[in-house]
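For reference, the structure is listed below as structure tokens.
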Amino acid sequence: MIQITFPNGDVRSYEQGVTGYEIAESISPALARDVISCGVNGETVELNRPIMEDAQIALYKWDDEEGKHTFWHTSAHLLAEALQELYPGIQFGFGPAIENGFFYDVLLKDGESIKESDFPKIEDKMRELAQKKEPVVRREVPKAEALKEFAADGQTYKCEHIEQDLEDGTITTYTQGRFTDLCRGPHLVNTGAIKAIMLTWVAGAFWRGDATKLQLQRLYGISFPKKKMLDEYLVMLEEAKKRDHRKIGKEMELFMFSEKVGKGLPIWLPKGTDLRLRLQDHLRKVQKRFGYQEVITPHIGSKNLYITSGHWDHYGKDSFQPITTPEEGEVYMLKPMNCPHHCEIFAWKPRSYRDLPLRIAEFGTVYRYEQSGELHGFTRVRSFTQDDAHIFCRPDQVKQEFLNVMDIIGIVLTAFGFNFEAQISLRDPNDHEKYVGTDEDWALAEKAIVEACEEKGLPAKVEYGEAAFYGPKLDFMIKDAIGRRWQLGTIQVDYNLPKRFQLEYTD
């Protein structure tokens with residue numbers, strides 16, 4: 001027997017090998033009908049995956065983000081399966097679930113392309129396959145065998161992914177009908193739950209996001225377990241068009257974009273500038289109340305600055321290309337983040353324990369490379385200004401400073417009438433390699449965030465794998481007028497930058 005612990009703390013005994021579906025069925029048949037996937041010790045898995053040891057379990061339904069992700073992940077595979085039948089010889093890239101739906105990157109043979117006029121026949125084929133209630137079968141295969149299978153199918157991009165990205169050893173694949181994909185899951189037990197399907201648009205996408213590589217087609221779609229949900233979604237889309245910030249911004253003459261200036265580079269018009277300055281004045285008053293000192297840093301920085309901070313290794317591809325000075329042999333970057341500059345401000349002179357905490361703030365304009373196909377009004381740009389702050393403090397001050405920043409965010413979001421929820425973003429427990437810093441420092445940082453939330457009585461959802469590469473964070477999520485979720489504020493604890501920049505104080 002194994003012990004299963006539920007989110008409310010209840011513990012039940014089950015036979016080893018019990019599945020999430022069987023656990024749901026033991027609670028109630030109605031729950032078993034609604035559950036989509038389950039969480040086992042923080043990992044979302046299929047309902048038919050055997051549980052072999054004591055575990056903490058959560059049962060996810062459509063209303064849960066994990067449930068939607070599982071549903072849309074399987075829908076992405078269903079789209080690929082339909083395309084495979086309709087377009088023989090098609091090549092597949094990546095096909096993940098996203099925040100609202102899913103997409104798949106594909107390349108048709110002989111220069112053919114998929115148009116929006118093709119959507120109805122693809123949707124019909126997807127519905128036809130879904131109605132067959134095809135089981136989604138998970139397999140674990142050696143890397144060499146997986147490479148051989150996908151090479152036999154002529155899947156060039158899948159083979160490249162296996163060779164370059166996946167480590168030697170066992171690889172998981174999922175098969176439904178005659179379609180097999182490389183995937184870590186999770187998925188629905190079968191395709192029958194997918195009742196309503198709509199393809200939304202098609203765009204271009206370079207393979208691996210590299211503009212030097214071939215451009216594939218990216219098909220976006222969304223699906224639901226009931227047709228009524230799709231109808232409600234279509235109504236929401238119409239409401240979203242009325243509230244599109246790009247439309248409103250143009251009508252109110254707040255901002256503009258110019259192809260001559262460059263894509264993703266917003267220009268604030270007089271009315272928008274007045275609005276922005278009033279917002280900054282409000283934020284300055286709040287920051288001053290909490291003891292912040294404002295600074296201004298340059299719009300560029302030496303490449304060595306970002307090598308020291310670790311951002312170059314982790315985010316180099318997301319930054320603009322370097323600015324080189326051949327005479328001096330120096331390399332500069334358009335500033336993609338403010339953190340390294342603020343570290344240098346701290347290091348500018350000796351600091352005493354009496355100087356701490358040192359709170360510095362900046363309305364810092366930063367620049368990041370985004371592919372042109374991903375730019376979207378003000379929500380995805382290449383230049384933006386952050387009300388960014390960094391607090392340098394002693395370890396015993398971390399929790400109190402964290403609590404103070406929570407107060408600031410609460411004041412600002414409440415002033416604008418936002419209801420918000422919190423999300424604690426932690427490391428992926430199964431992949432520590434992609435993070436920097438010691439386990440001890442991560443434990444300290446995570447403990448400070450959890451204790452701060454408990455002390456404030458702030459309910460916070462824990463998300464594994466969402467931490468920054470250098471530390472855990474507390475994200476504040478708001479919903480807009482039509483229910484879409486956005487991150488609007490974050491607090492991060494970073495024990496790594498002080499070590500990288502050798503920041504010290506006299507105790």
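Chain lettering (A, B, ...) mirrors the order of the structure tokens, residue numbering begins at 1 for each chain separately, and ligand numbering begins at 1 in order of display.
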Hey, could you make a per-residue contact list for region 272-345 of chain A against region 468-480 of chain A with 12 Å as the cut-off, showing the nearest pair of atoms and its distance in Å to one decimal, counting only C-alpha atoms, sorted by chain and number, as JSON lines?
{"residue": "A:Ser309", "atom": "CA", "partner": "A:Tyr470", "partner_atom": "CA", "distance": 9.6}
{"residue": "A:Gly310", "atom": "CA", "partner": "A:Tyr470", "partner_atom": "CA", "distance": 8.5}
{"residue": "A:His311", "atom": "CA", "partner": "A:Phe469", "partner_atom": "CA", "distance": 9.1}
{"residue": "A:Trp312", "atom": "CA", "partner": "A:Phe469", "partner_atom": "CA", "distance": 11.9}
{"residue": "A:Asp313", "atom": "CA", "partner": "A:Phe469", "partner_atom": "CA", "distance": 10.5}
{"residue": "A:His314", "atom": "CA", "partner": "A:Phe469", "partner_atom": "CA", "distance": 7.7}
{"residue": "A:Tyr315", "atom": "CA", "partner": "A:Phe469", "partner_atom": "CA", "distance": 9.9}
{"residue": "A:Cys339", "atom": "CA", "partner": "A:Tyr470", "partner_atom": "CA", "distance": 11.8}
query = Residues at most 8 Å from Ile449 (chain A), counting only C-alpha atoms, excluding those fewer than 2 positions away in the same chain, as number ranges by chain?
reply = A: 399, 402, 424, 445-447, 451-453, 473-474
How would the residues just picked look written out with N, CA, C and O atoms as a tab-separated table (two decimals), in the first residue's frame?
chain	number	residue	atom	x	y	z
A	399	LYS	N	13.38	39.10	4.53
A	399	LYS	CA	11.93	38.88	4.65
A	399	LYS	C	11.18	40.20	4.84
A	399	LYS	O	10.15	40.43	4.20
A	402	PHE	N	11.04	42.10	1.67
A	402	PHE	CA	10.10	41.43	0.78
A	402	PHE	C	8.67	41.84	1.13
A	402	PHE	O	7.86	42.16	0.26
A	424	ILE	N	3.85	31.92	-6.54
A	424	ILE	CA	5.23	31.68	-6.12
A	424	ILE	C	5.91	30.82	-7.19
A	424	ILE	O	5.50	29.68	-7.44
A	445	ALA	N	16.22	31.61	-0.19
A	445	ALA	CA	15.39	32.53	-0.95
A	445	ALA	C	13.94	32.05	-1.01
A	445	ALA	O	12.99	32.83	-0.82
A	446	GLU	N	13.76	30.76	-1.27
A	446	GLU	CA	12.40	30.21	-1.34
A	446	GLU	C	11.70	30.30	0.00
A	446	GLU	O	10.50	30.60	0.07
A	447	LYS	N	12.45	30.06	1.09
A	447	LYS	CA	11.87	30.12	2.44
A	447	LYS	C	11.38	31.55	2.74
A	447	LYS	O	10.30	31.74	3.31
A	451	GLU	N	7.47	32.35	3.61
A	451	GLU	CA	7.16	32.92	4.92
A	451	GLU	C	6.51	34.30	4.79
A	451	GLU	O	5.61	34.64	5.56
A	452	ALA	N	6.95	35.08	3.82
A	452	ALA	CA	6.37	36.41	3.62
A	452	ALA	C	4.90	36.30	3.23
A	452	ALA	O	4.05	37.04	3.73
A	453	CYS	N	4.59	35.36	2.34
A	453	CYS	CA	3.20	35.17	1.93
A	453	CYS	C	2.34	34.70	3.11
A	453	CYS	O	1.21	35.16	3.28
A	473	LYS	N	10.77	33.75	-7.33
A	473	LYS	CA	10.11	35.04	-7.37
A	473	LYS	C	8.64	34.90	-6.99
A	473	LYS	O	8.09	33.80	-6.98
A	474	LEU	N	8.05	36.03	-6.66
A	474	LEU	CA	6.63	36.12	-6.39
A	474	LEU	C	6.02	37.00	-7.47
A	474	LEU	O	6.35	38.19	-7.57
A:Gln287, A:Ser28, A:Thr438, A:Asn100 ranked by distance to Val405 (chain A), top pick (using only C-alpha atoms) = A:Gln287
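Proximity to His341 (chain A) was assessed for A:Asn304, A:Thr191, A:Ser13, A:Thr200 counting only C-alpha atoms; the smallest distance is recorded for A:Asn304.
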key: One-decimal distance in Å that lies between CA of Asp105 (chain A) and CA of Leu83 (chain A)   = 11.1 Å
query = Leaving out Leu237 (chain A) and any residue of its chain fewer than 3 positions from it, which residues lie within 12 Å of it when counting only C-alpha atoms, given as a VMD selection string?
reply = chain A and resid 100 200 230 to 234 240 to 244 481 to 484
query = Just asking: which residues within region 177-382 of chain A are alpha helix (DSSP H) according to DSSP, as a PyMOL selection string?
reply = chain A and resi 227-242+245-251+270-289+303-309+311-315+339-347
Keeping only C-alpha atoms, write those residues as a short mmCIF file (atom, residue, chain, number, x, y, z; two decimals), in the first residue's frame.
data_model
loop_
_atom_site.label_atom_id
_atom_site.label_comp_id
_atom_site.auth_asym_id
_atom_site.auth_seq_id
_atom_site.Cartn_x
_atom_site.Cartn_y
_atom_site.Cartn_z
CA LYS A 227 -19.24 23.70 -27.87
CA LYS A 228 -20.85 26.24 -25.54
CA MET A 229 -17.38 27.17 -24.27
CA LEU A 230 -16.20 27.86 -27.83
CA ASP A 231 -19.25 30.07 -28.43
CA GLU A 232 -18.46 32.04 -25.26
CA TYR A 233 -14.83 32.35 -26.37
CA LEU A 234 -15.90 33.82 -29.73
CA VAL A 235 -18.01 36.41 -27.91
CA MET A 236 -14.97 37.26 -25.75
CA LEU A 237 -12.86 37.76 -28.90
CA GLU A 238 -15.37 40.28 -30.19
CA GLU A 239 -15.25 42.10 -26.86
CA ALA A 240 -11.45 42.01 -27.00
CA LYS A 241 -11.48 43.75 -30.41
CA LYS A 242 -13.49 46.61 -28.91
CA HIS A 245 -5.23 48.83 -26.60
CA ARG A 246 -3.77 49.42 -30.08
CA LYS A 247 -7.14 50.68 -31.32
CA ILE A 248 -7.80 52.77 -28.20
CA GLY A 249 -4.26 54.17 -28.15
CA LYS A 250 -4.61 55.34 -31.75
CA GLU A 251 -8.07 56.84 -31.22
CA PRO A 270 1.86 64.31 -26.07
CA LYS A 271 -1.31 62.94 -24.45
CA GLY A 272 0.32 59.56 -23.80
CA THR A 273 3.45 61.23 -22.43
CA ASP A 274 1.34 63.28 -20.02
CA LEU A 275 -0.38 60.09 -18.86
CA ARG A 276 2.96 58.29 -18.46
CA LEU A 277 4.54 61.14 -16.48
CA ARG A 278 1.54 61.28 -14.13
CA LEU A 279 1.91 57.53 -13.55
CA GLN A 280 5.63 57.95 -12.82
CA ASP A 281 4.90 60.80 -10.39
CA HIS A 282 2.47 58.55 -8.50
CA LEU A 283 5.03 55.74 -8.36
CA ARG A 284 7.79 58.12 -7.23
CA LYS A 285 5.68 59.24 -4.28
CA VAL A 286 5.09 55.62 -3.23
CA GLN A 287 8.78 54.74 -3.62
CA LYS A 288 9.84 57.79 -1.58
CA ARG A 289 7.52 56.75 1.26
CA LYS A 303 29.31 43.04 -22.78
CA ASN A 304 31.57 42.11 -19.83
CA LEU A 305 28.94 43.53 -17.48
CA TYR A 306 26.39 40.97 -18.68
CA ILE A 307 28.95 38.15 -18.73
CA THR A 308 29.63 38.87 -15.05
CA SER A 309 25.91 38.96 -14.19
CA HIS A 311 22.58 37.33 -18.30
CA TRP A 312 24.75 36.91 -21.41
CA ASP A 313 24.86 33.12 -21.04
CA HIS A 314 21.13 32.81 -20.33
CA TYR A 315 19.58 35.62 -22.39
CA CYS A 339 20.25 44.77 -12.55
CA PRO A 340 23.99 44.80 -13.44
CA HIS A 341 24.12 48.62 -13.55
CA HIS A 342 22.54 48.81 -10.09
CA CYS A 343 25.08 46.32 -8.77
CA GLU A 344 27.82 48.65 -9.95
CA ILE A 345 26.16 51.54 -8.09
CA PHE A 346 26.32 49.49 -4.88
CA ALA A 347 29.98 48.59 -5.55
#
task = Could you please determine the separation between CA of Thr490 (chain A) and CA of Pro357 (chain A) in Å, to one decimal place?
result =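 Between CA of Thr490 (chain A) and CA of Pro357 (chain A) the gap works out to 19.1 Å.
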query = Counting only C-alpha atoms, what is within 12 Å of region 195-197 of chain A, bar same-chain residues fewer than 4 positions away, as an NGL selection string?
reply = :A and (71-72 or 75-76 or 78-79 or 101-102 or 119-133 or 191 or 220-234)
Written file, previous selection with C-alpha atoms, as an mmCIF file, in the first residue's frame:
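After the write, out29.cif holds the following:
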data_model
loop_
_atom_site.group_PDB
_atom_site.id
_atom_site.type_symbol
_atom_site.label_atom_id
_atom_site.label_comp_id
_atom_site.auth_asym_id
_atom_site.auth_seq_id
_atom_site.Cartn_x
_atom_site.Cartn_y
_atom_site.Cartn_z
ATOM 1 C CA PHE A 71 -6.142 19.504 -22.860
ATOM 2 C CA TRP A 72 -4.472 21.908 -25.274
ATOM 3 C CA SER A 75 -5.092 19.206 -29.068
ATOM 4 C CA ALA A 76 -1.738 20.258 -30.563
ATOM 5 C CA LEU A 78 -4.488 16.183 -32.709
ATOM 6 C CA LEU A 79 -3.784 19.087 -35.085
ATOM 7 C CA GLY A 101 -4.741 27.247 -26.924
ATOM 8 C CA PHE A 102 -1.875 25.675 -28.831
ATOM 9 C CA PHE A 119 -8.921 25.848 -41.809
ATOM 10 C CA PRO A 120 -12.427 24.306 -42.173
ATOM 11 C CA LYS A 121 -11.151 21.052 -43.704
ATOM 12 C CA ILE A 122 -8.398 20.776 -41.066
ATOM 13 C CA GLU A 123 -10.924 21.382 -38.268
ATOM 14 C CA ASP A 124 -13.255 18.763 -39.764
ATOM 15 C CA LYS A 125 -10.438 16.219 -39.843
ATOM 16 C CA MET A 126 -9.516 17.023 -36.228
ATOM 17 C CA ARG A 127 -13.137 16.504 -35.106
ATOM 18 C CA GLU A 128 -13.308 13.241 -37.067
ATOM 19 C CA LEU A 129 -10.176 11.914 -35.359
ATOM 20 C CA ALA A 130 -11.303 13.136 -31.916
ATOM 21 C CA GLN A 131 -14.600 11.261 -32.256
ATOM 22 C CA LYS A 132 -12.658 8.010 -32.615
ATOM 23 C CA LYS A 133 -11.534 8.442 -28.975
ATOM 24 C CA THR A 191 -8.886 12.308 -27.730
ATOM 25 C CA TYR A 220 -2.581 28.451 -33.898
ATOM 26 C CA GLY A 221 -5.753 26.947 -32.517
ATOM 27 C CA ILE A 222 -7.949 26.564 -29.474
ATOM 28 C CA SER A 223 -10.227 23.763 -28.266
ATOM 29 C CA PHE A 224 -12.788 23.088 -25.568
ATOM 30 C CA PRO A 225 -14.604 20.145 -23.964
ATOM 31 C CA LYS A 226 -17.997 21.738 -24.859
ATOM 32 C CA LYS A 227 -19.237 23.703 -27.873
ATOM 33 C CA LYS A 228 -20.850 26.235 -25.536
ATOM 34 C CA MET A 229 -17.378 27.168 -24.269
ATOM 35 C CA LEU A 230 -16.202 27.860 -27.829
ATOM 36 C CA ASP A 231 -19.250 30.072 -28.426
ATOM 37 C CA GLU A 232 -18.455 32.040 -25.256
ATOM 38 C CA TYR A 233 -14.830 32.353 -26.374
ATOM 39 C CA LEU A 234 -15.896 33.818 -29.731
#
task = Find the spatial neighbours of region 141-153 of chain A, counting only C-alpha atoms, within a cut-off of 9 Å - ignore same-chain residues fewer than 3 positions away - and output them as a VMD selection string.
result = chain A and resid 89 156 158 to 160 162 to 163 166 to 173 180 to 182
Keeping N, CA and C atoms, export the residues of the selection given above as a JSON list (two decimals), in the first residue's frame.
[["chain", "number", "residue", "atom", "x", "y", "z"],
["A", 89, "GLY", "N", 3.89, 13.86, -46.35],
["A", 89, "GLY", "CA", 5.24, 14.41, -46.49],
["A", 89, "GLY", "C", 5.49, 15.66, -45.67],
["A", 156, "THR", "N", 12.98, 15.55, -40.44],
["A", 156, "THR", "CA", 14.29, 16.19, -40.30],
["A", 156, "THR", "C", 14.40, 16.99, -39.01],
["A", 158, "LYS", "N", 12.60, 16.85, -36.22],
["A", 158, "LYS", "CA", 12.55, 16.01, -35.01],
["A", 158, "LYS", "C", 13.91, 15.35, -34.77],
["A", 159, "CYS", "N", 14.55, 14.91, -35.84],
["A", 159, "CYS", "CA", 15.87, 14.28, -35.69],
["A", 159, "CYS", "C", 16.89, 15.28, -35.17],
["A", 160, "GLU", "N", 16.84, 16.50, -35.69],
["A", 160, "GLU", "CA", 17.77, 17.53, -35.22],
["A", 160, "GLU", "C", 17.53, 17.82, -33.74],
["A", 162, "ILE", "N", 16.31, 15.75, -31.50],
["A", 162, "ILE", "CA", 16.82, 14.61, -30.72],
["A", 162, "ILE", "C", 18.34, 14.69, -30.58],
["A", 163, "GLU", "N", 19.02, 14.95, -31.69],
["A", 163, "GLU", "CA", 20.48, 14.94, -31.69],
["A", 163, "GLU", "C", 21.06, 16.10, -30.88],
["A", 166, "LEU", "N", 18.40, 16.58, -26.76],
["A", 166, "LEU", "CA", 18.05, 15.53, -25.82],
["A", 166, "LEU", "C", 19.27, 14.73, -25.41],
["A", 167, "GLU", "N", 19.37, 14.46, -24.12],
["A", 167, "GLU", "CA", 20.52, 13.73, -23.61],
["A", 167, "GLU", "C", 20.39, 12.24, -23.95],
["A", 168, "ASP", "N", 21.53, 11.57, -23.92],
["A", 168, "ASP", "CA", 21.53, 10.12, -24.15],
["A", 168, "ASP", "C", 20.72, 9.44, -23.05],
["A", 169, "GLY", "N", 20.05, 8.38, -23.42],
["A", 169, "GLY", "CA", 19.23, 7.66, -22.45],
["A", 169, "GLY", "C", 17.83, 7.47, -22.99],
["A", 170, "THR", "N", 16.87, 7.49, -22.08],
["A", 170, "THR", "CA", 15.48, 7.22, -22.46],
["A", 170, "THR", "C", 14.75, 8.49, -22.86],
["A", 171, "ILE", "N", 13.97, 8.38, -23.92],
["A", 171, "ILE", "CA", 13.16, 9.49, -24.44],
["A", 171, "ILE", "C", 11.70, 9.05, -24.44],
["A", 172, "THR", "N", 10.79, 9.97, -24.11],
["A", 172, "THR", "CA", 9.37, 9.62, -24.13],
["A", 172, "THR", "C", 8.72, 10.08, -25.43],
["A", 173, "THR", "N", 7.87, 9.22, -25.96],
["A", 173, "THR", "CA", 7.06, 9.57, -27.13],
["A", 173, "THR", "C", 5.60, 9.29, -26.80],
["A", 180, "THR", "N", 2.94, 9.90, -34.14],
["A", 180, "THR", "CA", 3.82, 9.77, -32.97],
["A", 180, "THR", "C", 4.65, 11.04, -32.85],
["A", 181, "ASP", "N", 4.80, 11.51, -31.61],
["A", 181, "ASP", "CA", 5.56, 12.74, -31.39],
["A", 181, "ASP", "C", 6.50, 12.58, -30.21],
["A", 182, "LEU", "N", 7.62, 13.30, -30.28],
["A", 182, "LEU", "CA", 8.51, 13.43, -29.13],
["A", 182, "LEU", "C", 7.82, 14.33, -28.12]]
request  = Considering only C-alpha atoms, return as a count of residues only whatever protein or nucleic-acid residues lie within 9 Å of Phe290 (chain A), sequence-local ones (same chain, fewer than 6 positions apart) excluded.
outcome  = 4
